[in-house]
Amino acid sequence: MAFAFLFPGQGSQSLKMMDGFANLPVVKHTFDEASAVLGVDLWAMLQADSADEINATVNTQPIMLSAGVATYLAWQELNGVQPAVVAGHSLGEYTALVAAGALPFAEAVKLVRLRAEAMQSAVPAGVGAMAAILNLADDDVRAACAEAAQGEVVEAVNFNSPGQVVIAGNKAAVERAMEACKARGAKRALALPVSVPSHCSLMKPAADKLAEALQSVHINLPAIPVLHNADVVSHASADAIRDALVRQLYSPVRWTETIQKLAGDGIVSMAECGPGKVLAGLAKRIDGNVKCLALTDEAALQAAREELN
C-alpha cells in the first residue's frame, strides 16, 4: 500500500510529548544528537514544569525537528516500510527532507535554529501578528487582507484546510483584516499567540539570511519525493530544494493543495509522523477519503506498522 508521511511544525509541541516512546532508545538518542549540535539540552526542556522554553521559537523549531526525525527513526527500527512520499507543514518540511535523506540531521538542526533566529530578528516583538480565520472562503480572506493592508503588510499565509486560513503581517493590519473577515461572514477570527508573523513578506530579510546559509549546506537527491509548501511540487535538484526552502519563509503554506495533490495521486493512506494530531485532523477535513493515522507513541507506531505494512 502506498502511503504518505506528514511531519508537523511549530505549534504541535507540548511538555513530555515524547514520553510515549520511552522504550525506544533511538528517540532519546536523536534528541541527544541535536542537543550536542546546539549546546543546549532539548530533552530537559520537554521534561520541565513550564512550557516557556519549548515555546520560544529558537527552541521550538529544533525540538519539533528532533521529534519528527526521532519518530521516523523509531518507525524504521520497528521495520515500518518506507512511505511513497513525504511532506511537512512549514517547519515540518525540514523534517521531511531529513527523512527523505536530502538533509543530514545535524545540518538541519543548525539550519532550523538559524531560521528561527532570523525570523525573530526580522520583525521586532510587538510589530507582527497572526490570526486564524474560520469558515470563510479563501478568496474572501485574500480580499479582506487587500482591503485592510492600507500600506502595511497583511496576507493569507497558511491554507490549512477549507475554511481554516491563517493571516499574518503588521499587527494593526492583521487586526483590521480580522474585522474585515468578520464583516464578510467569517465565523471567527482568532489572534494567535505568536511573536513572529510567519510566511508573509515581512520575512524576506530572514529569507535572505537563510539563502546565504543554505549555500554552504550539502543537499542530496531525496530518496523519497518531498512535496514542498511553496509550490506543491517535489524537486530533484539541490538548488531547487534550496530555492523552495527560501521561498517558503515568505510564501503561503499550501497545505490544502498538498493533501489534495496526494489524494489525487491515489495516496489516501497517511500518517502524521511526530507529536500531536493537528495534521491528521486537517487531512480528514480536506478530503473525506483520506485516512491519516497519528504516530504519537510506540503503541501508535506498532498499530500503524500493522496497518500500513
# chains A, B, ... in the order shown; residues from 1 in each chain; ligands from 1
call {"tool": "closest_atom_pairs", "arguments": {"of": "stretch 26-118 of chain A", "to": "stretch 245-258 of chain A", "cutoff": "9 Å", "atoms": "only C-alpha atoms", "output": "JSON lines"}}
result
{"residue": "A:Ala87", "atom": "CA", "partner": "A:Thr258", "partner_atom": "CA", "distance": 8.0}
{"residue": "A:Gly88", "atom": "CA", "partner": "A:Trp255", "partner_atom": "CA", "distance": 8.9}
{"residue": "A:His89", "atom": "CA", "partner": "A:Trp255", "partner_atom": "CA", "distance": 7.0}
{"residue": "A:Ser90", "atom": "CA", "partner": "A:Val253", "partner_atom": "CA", "distance": 6.4}
{"residue": "A:Glu93", "atom": "CA", "partner": "A:Leu245", "partner_atom": "CA", "distance": 8.3}
{"residue": "A:Tyr94", "atom": "CA", "partner": "A:Leu245", "partner_atom": "CA", "distance": 8.4}
{"residue": "A:Arg115", "atom": "CA", "partner": "A:Leu249", "partner_atom": "CA", "distance": 8.8}
call {"tool": "write_last_selection", "arguments": {"atoms": "N, CA and C atoms", "output": "PDB file, in the first residue's frame"}}
result
ATOM      1  N   ALA A  87       5.746  14.975   3.238  1.00  0.00           N
ATOM      2  CA  ALA A  87       5.522  16.420   3.218  1.00  0.00           C
ATOM      3  C   ALA A  87       5.544  16.900   4.655  1.00  0.00           C
ATOM      4  N   GLY A  88       5.880  18.174   4.845  1.00  0.00           N
ATOM      5  CA  GLY A  88       5.889  18.736   6.183  1.00  0.00           C
ATOM      6  C   GLY A  88       5.229  20.091   6.193  1.00  0.00           C
ATOM      7  N   HIS A  89       4.504  20.389   7.260  1.00  0.00           N
ATOM      8  CA  HIS A  89       3.815  21.672   7.379  1.00  0.00           C
ATOM      9  C   HIS A  89       4.792  22.711   7.913  1.00  0.00           C
ATOM     10  N   SER A  90       5.134  23.697   7.074  1.00  0.00           N
ATOM     11  CA  SER A  90       6.049  24.781   7.466  1.00  0.00           C
ATOM     12  C   SER A  90       7.387  24.195   7.919  1.00  0.00           C
ATOM     13  N   GLU A  93       8.690  20.748   6.892  1.00  0.00           N
ATOM     14  CA  GLU A  93       9.316  20.465   5.596  1.00  0.00           C
ATOM     15  C   GLU A  93      10.786  20.065   5.784  1.00  0.00           C
ATOM     16  N   TYR A  94      11.447  20.642   6.784  1.00  0.00           N
ATOM     17  CA  TYR A  94      12.838  20.272   7.075  1.00  0.00           C
ATOM     18  C   TYR A  94      12.901  18.834   7.585  1.00  0.00           C
ATOM     19  N   ARG A 115      17.187  29.599  11.158  1.00  0.00           N
ATOM     20  CA  ARG A 115      15.904  30.049  10.606  1.00  0.00           C
ATOM     21  C   ARG A 115      15.072  30.736  11.680  1.00  0.00           C
TER      22      ARG A 115
END
call {"tool": "residues_around", "arguments": {"residues": "A:Gly266", "least_positions_apart": "6", "cutoff": "12 Å", "atoms": "only C-alpha atoms", "output": "PyMOL selection string"}}
result
chain A and resi 1-4+84-85+259-260+287+289-290
call {"tool": "write_last_selection", "arguments": {"atoms": "C-alpha atoms", "output": "CSV table (one decimal), in the first residue's frame"}}
result
chain,number,residue,atom,x,y,z
A,1,MET,CA,0.0,0.0,0.0
A,2,ALA,CA,1.4,3.4,-1.0
A,3,PHE,CA,1.2,5.9,1.8
A,4,ALA,CA,2.5,9.3,2.8
A,84,ALA,CA,5.9,6.7,-1.1
A,85,VAL,CA,6.1,10.5,-0.5
A,259,ILE,CA,-3.3,16.9,0.7
A,260,GLN,CA,-5.5,17.3,-2.4
A,287,ASP,CA,-10.6,15.1,1.8
A,289,ASN,CA,-11.5,9.7,1.6
A,290,VAL,CA,-8.2,10.2,3.4
call {"tool": "select_by_dssp", "arguments": {"residues": "stretch 56-119 of chain A", "states": "alpha helix (DSSP H)", "output": "NGL selection string"}}
result
:A and (57-77 or 92-99 or 105-119)
call {"tool": "write_last_selection", "arguments": {"atoms": "C-alpha atoms", "output": "PDB file, in the first residue's frame"}}
result
ATOM      1  CA  THR A  57      10.788  29.920  18.642  1.00  0.00           C
ATOM      2  CA  VAL A  58      14.555  29.294  18.744  1.00  0.00           C
ATOM      3  CA  ASN A  59      13.904  26.149  20.815  1.00  0.00           C
ATOM      4  CA  THR A  60      10.588  25.067  19.297  1.00  0.00           C
ATOM      5  CA  GLN A  61      11.993  24.627  15.813  1.00  0.00           C
ATOM      6  CA  PRO A  62      14.882  22.255  16.706  1.00  0.00           C
ATOM      7  CA  ILE A  63      12.640  20.430  19.207  1.00  0.00           C
ATOM      8  CA  MET A  64       9.937  19.749  16.621  1.00  0.00           C
ATOM      9  CA  LEU A  65      12.529  18.760  14.021  1.00  0.00           C
ATOM     10  CA  SER A  66      14.077  16.313  16.506  1.00  0.00           C
ATOM     11  CA  ALA A  67      10.679  14.917  17.480  1.00  0.00           C
ATOM     12  CA  GLY A  68       9.690  14.198  13.889  1.00  0.00           C
ATOM     13  CA  VAL A  69      13.050  12.681  12.973  1.00  0.00           C
ATOM     14  CA  ALA A  70      13.072  10.581  16.161  1.00  0.00           C
ATOM     15  CA  THR A  71       9.590   9.252  15.399  1.00  0.00           C
ATOM     16  CA  TYR A  72      10.623   8.391  11.842  1.00  0.00           C
ATOM     17  CA  LEU A  73      13.765   6.580  13.038  1.00  0.00           C
ATOM     18  CA  ALA A  74      11.648   4.667  15.564  1.00  0.00           C
ATOM     19  CA  TRP A  75       9.331   3.675  12.709  1.00  0.00           C
ATOM     20  CA  GLN A  76      12.310   2.364  10.757  1.00  0.00           C
ATOM     21  CA  GLU A  77      13.614   0.416  13.758  1.00  0.00           C
ATOM     22  CA  GLY A  92       7.976  20.166   9.146  1.00  0.00           C
ATOM     23  CA  GLU A  93       9.316  20.465   5.596  1.00  0.00           C
ATOM     24  CA  TYR A  94      12.838  20.272   7.075  1.00  0.00           C
ATOM     25  CA  THR A  95      11.897  17.075   8.915  1.00  0.00           C
ATOM     26  CA  ALA A  96      10.538  15.657   5.662  1.00  0.00           C
ATOM     27  CA  LEU A  97      13.832  16.445   3.910  1.00  0.00           C
ATOM     28  CA  VAL A  98      15.799  14.668   6.651  1.00  0.00           C
ATOM     29  CA  ALA A  99      13.505  11.624   6.418  1.00  0.00           C
ATOM     30  CA  PHE A 105      20.103  15.719  10.565  1.00  0.00           C
ATOM     31  CA  ALA A 106      22.915  17.715  12.196  1.00  0.00           C
ATOM     32  CA  GLU A 107      22.835  20.248   9.346  1.00  0.00           C
ATOM     33  CA  ALA A 108      19.054  20.518   9.613  1.00  0.00           C
ATOM     34  CA  VAL A 109      19.304  21.214  13.355  1.00  0.00           C
ATOM     35  CA  LYS A 110      21.677  24.116  12.719  1.00  0.00           C
ATOM     36  CA  LEU A 111      19.538  25.381   9.851  1.00  0.00           C
ATOM     37  CA  VAL A 112      16.276  25.487  11.789  1.00  0.00           C
ATOM     38  CA  ARG A 113      17.957  27.249  14.720  1.00  0.00           C
ATOM     39  CA  LEU A 114      19.323  29.852  12.293  1.00  0.00           C
ATOM     40  CA  ARG A 115      15.904  30.049  10.606  1.00  0.00           C
ATOM     41  CA  ALA A 116      14.220  30.703  13.944  1.00  0.00           C
ATOM     42  CA  GLU A 117      16.735  33.387  14.914  1.00  0.00           C
ATOM     43  CA  ALA A 118      16.432  35.068  11.514  1.00  0.00           C
ATOM     44  CA  MET A 119      12.632  35.049  11.725  1.00  0.00           C
TER      45      MET A 119
END
call {"tool": "select_by_dssp", "arguments": {"residues": "stretch 136-211 of chain A", "states": "strand (DSSP E or B)", "output": "number ranges by chain"}}
result
A: 154-161, 164-170, 188-191
call {"tool": "write_last_selection", "arguments": {"atoms": "N, CA and C atoms", "output": "PDB file, in the first residue's frame"}}
result
ATOM      1  N   VAL A 154      -0.429  42.590   5.304  1.00  0.00           N
ATOM      2  CA  VAL A 154      -1.266  41.532   5.880  1.00  0.00           C
ATOM      3  C   VAL A 154      -1.646  40.606   4.736  1.00  0.00           C
ATOM      4  N   GLU A 155      -1.357  39.328   4.913  1.00  0.00           N
ATOM      5  CA  GLU A 155      -1.511  38.354   3.829  1.00  0.00           C
ATOM      6  C   GLU A 155      -2.050  37.034   4.376  1.00  0.00           C
ATOM      7  N   ALA A 156      -2.739  36.297   3.512  1.00  0.00           N
ATOM      8  CA  ALA A 156      -3.142  34.931   3.839  1.00  0.00           C
ATOM      9  C   ALA A 156      -1.908  34.044   3.694  1.00  0.00           C
ATOM     10  N   VAL A 157      -1.533  33.352   4.760  1.00  0.00           N
ATOM     11  CA  VAL A 157      -0.233  32.675   4.753  1.00  0.00           C
ATOM     12  C   VAL A 157      -0.290  31.164   4.987  1.00  0.00           C
ATOM     13  N   ASN A 158      -1.349  30.671   5.609  1.00  0.00           N
ATOM     14  CA  ASN A 158      -1.492  29.226   5.809  1.00  0.00           C
ATOM     15  C   ASN A 158      -2.871  28.815   5.330  1.00  0.00           C
ATOM     16  N   PHE A 159      -2.908  28.062   4.230  1.00  0.00           N
ATOM     17  CA  PHE A 159      -4.176  27.496   3.774  1.00  0.00           C
ATOM     18  C   PHE A 159      -4.232  26.072   4.326  1.00  0.00           C
ATOM     19  N   ASN A 160      -4.745  25.945   5.558  1.00  0.00           N
ATOM     20  CA  ASN A 160      -4.633  24.690   6.299  1.00  0.00           C
ATOM     21  C   ASN A 160      -5.682  23.665   5.903  1.00  0.00           C
ATOM     22  N   SER A 161      -6.889  24.136   5.629  1.00  0.00           N
ATOM     23  CA  SER A 161      -7.985  23.294   5.174  1.00  0.00           C
ATOM     24  C   SER A 161      -9.087  24.232   4.705  1.00  0.00           C
ATOM     25  N   GLN A 164     -10.258  27.146   6.962  1.00  0.00           N
ATOM     26  CA  GLN A 164      -9.280  27.438   8.017  1.00  0.00           C
ATOM     27  C   GLN A 164      -8.026  28.043   7.372  1.00  0.00           C
ATOM     28  N   VAL A 165      -7.948  29.364   7.432  1.00  0.00           N
ATOM     29  CA  VAL A 165      -6.846  30.100   6.830  1.00  0.00           C
ATOM     30  C   VAL A 165      -6.215  30.986   7.895  1.00  0.00           C
ATOM     31  N   VAL A 166      -4.897  31.046   7.894  1.00  0.00           N
ATOM     32  CA  VAL A 166      -4.177  31.919   8.829  1.00  0.00           C
ATOM     33  C   VAL A 166      -3.652  33.126   8.066  1.00  0.00           C
ATOM     34  N   ILE A 167      -3.789  34.310   8.670  1.00  0.00           N
ATOM     35  CA  ILE A 167      -3.251  35.536   8.079  1.00  0.00           C
ATOM     36  C   ILE A 167      -2.105  36.046   8.943  1.00  0.00           C
ATOM     37  N   ALA A 168      -1.216  36.833   8.345  1.00  0.00           N
ATOM     38  CA  ALA A 168      -0.050  37.343   9.082  1.00  0.00           C
ATOM     39  C   ALA A 168       0.387  38.663   8.481  1.00  0.00           C
ATOM     40  N   GLY A 169       1.082  39.465   9.307  1.00  0.00           N
ATOM     41  CA  GLY A 169       1.628  40.736   8.839  1.00  0.00           C
ATOM     42  C   GLY A 169       1.822  41.705   9.980  1.00  0.00           C
ATOM     43  N   ASN A 170       1.759  42.990   9.670  1.00  0.00           N
ATOM     44  CA  ASN A 170       1.853  44.018  10.711  1.00  0.00           C
ATOM     45  C   ASN A 170       0.646  43.917  11.639  1.00  0.00           C
ATOM     46  N   ARG A 188     -15.300  33.031  12.876  1.00  0.00           N
ATOM     47  CA  ARG A 188     -14.427  33.529  13.952  1.00  0.00           C
ATOM     48  C   ARG A 188     -13.138  34.058  13.347  1.00  0.00           C
ATOM     49  N   ALA A 189     -12.519  34.997  14.052  1.00  0.00           N
ATOM     50  CA  ALA A 189     -11.186  35.497  13.706  1.00  0.00           C
ATOM     51  C   ALA A 189     -10.405  35.542  15.012  1.00  0.00           C
ATOM     52  N   LEU A 190      -9.442  34.648  15.145  1.00  0.00           N
ATOM     53  CA  LEU A 190      -8.753  34.446  16.425  1.00  0.00           C
ATOM     54  C   LEU A 190      -7.295  34.862  16.340  1.00  0.00           C
ATOM     55  N   ALA A 191      -6.888  35.814  17.173  1.00  0.00           N
ATOM     56  CA  ALA A 191      -5.471  36.183  17.246  1.00  0.00           C
ATOM     57  C   ALA A 191      -4.683  34.989  17.794  1.00  0.00           C
TER      58      ALA A 191
END
call {"tool": "atom_distance", "arguments": {"atom1": "atom CA of A:Phe21", "atom2": "atom CA of A:Leu6"}}
result
18.6 Å
call {"tool": "atom_distance", "arguments": {"atom1": "atom CA of A:Asp231", "atom2": "atom CA of A:Leu308"}}
result
27.7 Å
call {"tool": "closest_atom_pairs", "arguments": {"of": "stretch 77-189 of chain A", "to": "stretch 211-224 of chain A", "cutoff": "6 Å", "atoms": "only C-alpha atoms", "output": "JSON lines"}}
result
{"residue": "A:Val85", "atom": "CA", "partner": "A:Ile224", "partner_atom": "CA", "distance": 5.7}
{"residue": "A:Ala100", "atom": "CA", "partner": "A:Ile224", "partner_atom": "CA", "distance": 4.9}
{"residue": "A:Gly101", "atom": "CA", "partner": "A:Pro222", "partner_atom": "CA", "distance": 5.5}
{"residue": "A:Ala102", "atom": "CA", "partner": "A:Asn220", "partner_atom": "CA", "distance": 4.4}
{"residue": "A:Leu103", "atom": "CA", "partner": "A:Ile219", "partner_atom": "CA", "distance": 5.5}
call {"tool": "residues_around", "arguments": {"residues": "A:Ala149", "least_positions_apart": "6", "cutoff": "8 Å", "atoms": "only C-alpha atoms", "output": "MDAnalysis selection string"}}
result
chainID A and resid 173 176:177
call {"tool": "write_last_selection", "arguments": {"atoms": "C-alpha atoms", "output": "mmCIF file, in the first residue's frame"}}
result
data_model
loop_
_atom_site.group_PDB
_atom_site.id
_atom_site.type_symbol
_atom_site.label_atom_id
_atom_site.label_comp_id
_atom_site.auth_asym_id
_atom_site.auth_seq_id
_atom_site.Cartn_x
_atom_site.Cartn_y
_atom_site.Cartn_z
ATOM 1 C CA ALA A 173 -3.149 45.484 9.606
ATOM 2 C CA ARG A 176 -8.085 45.387 10.537
ATOM 3 C CA ALA A 177 -8.174 42.246 8.394
#
call {"tool": "closest_residue", "arguments": {"among": "A:Cys200, A:Phe5, A:Cys292, A:Glu179", "to": "A:Ala230", "atoms": "only C-alpha atoms"}}
result
A:Cys200
call {"tool": "atom_distance", "arguments": {"atom1": "atom CA of A:Leu295", "atom2": "atom CA of A:Ser35"}}
result
22.9 Å
call {"tool": "closest_residue", "arguments": {"among": "A:Gln13, A:Ser195, A:Ser234, A:Gln47", "to": "A:Pro275", "atoms": "only C-alpha atoms"}}
result
A:Gln13
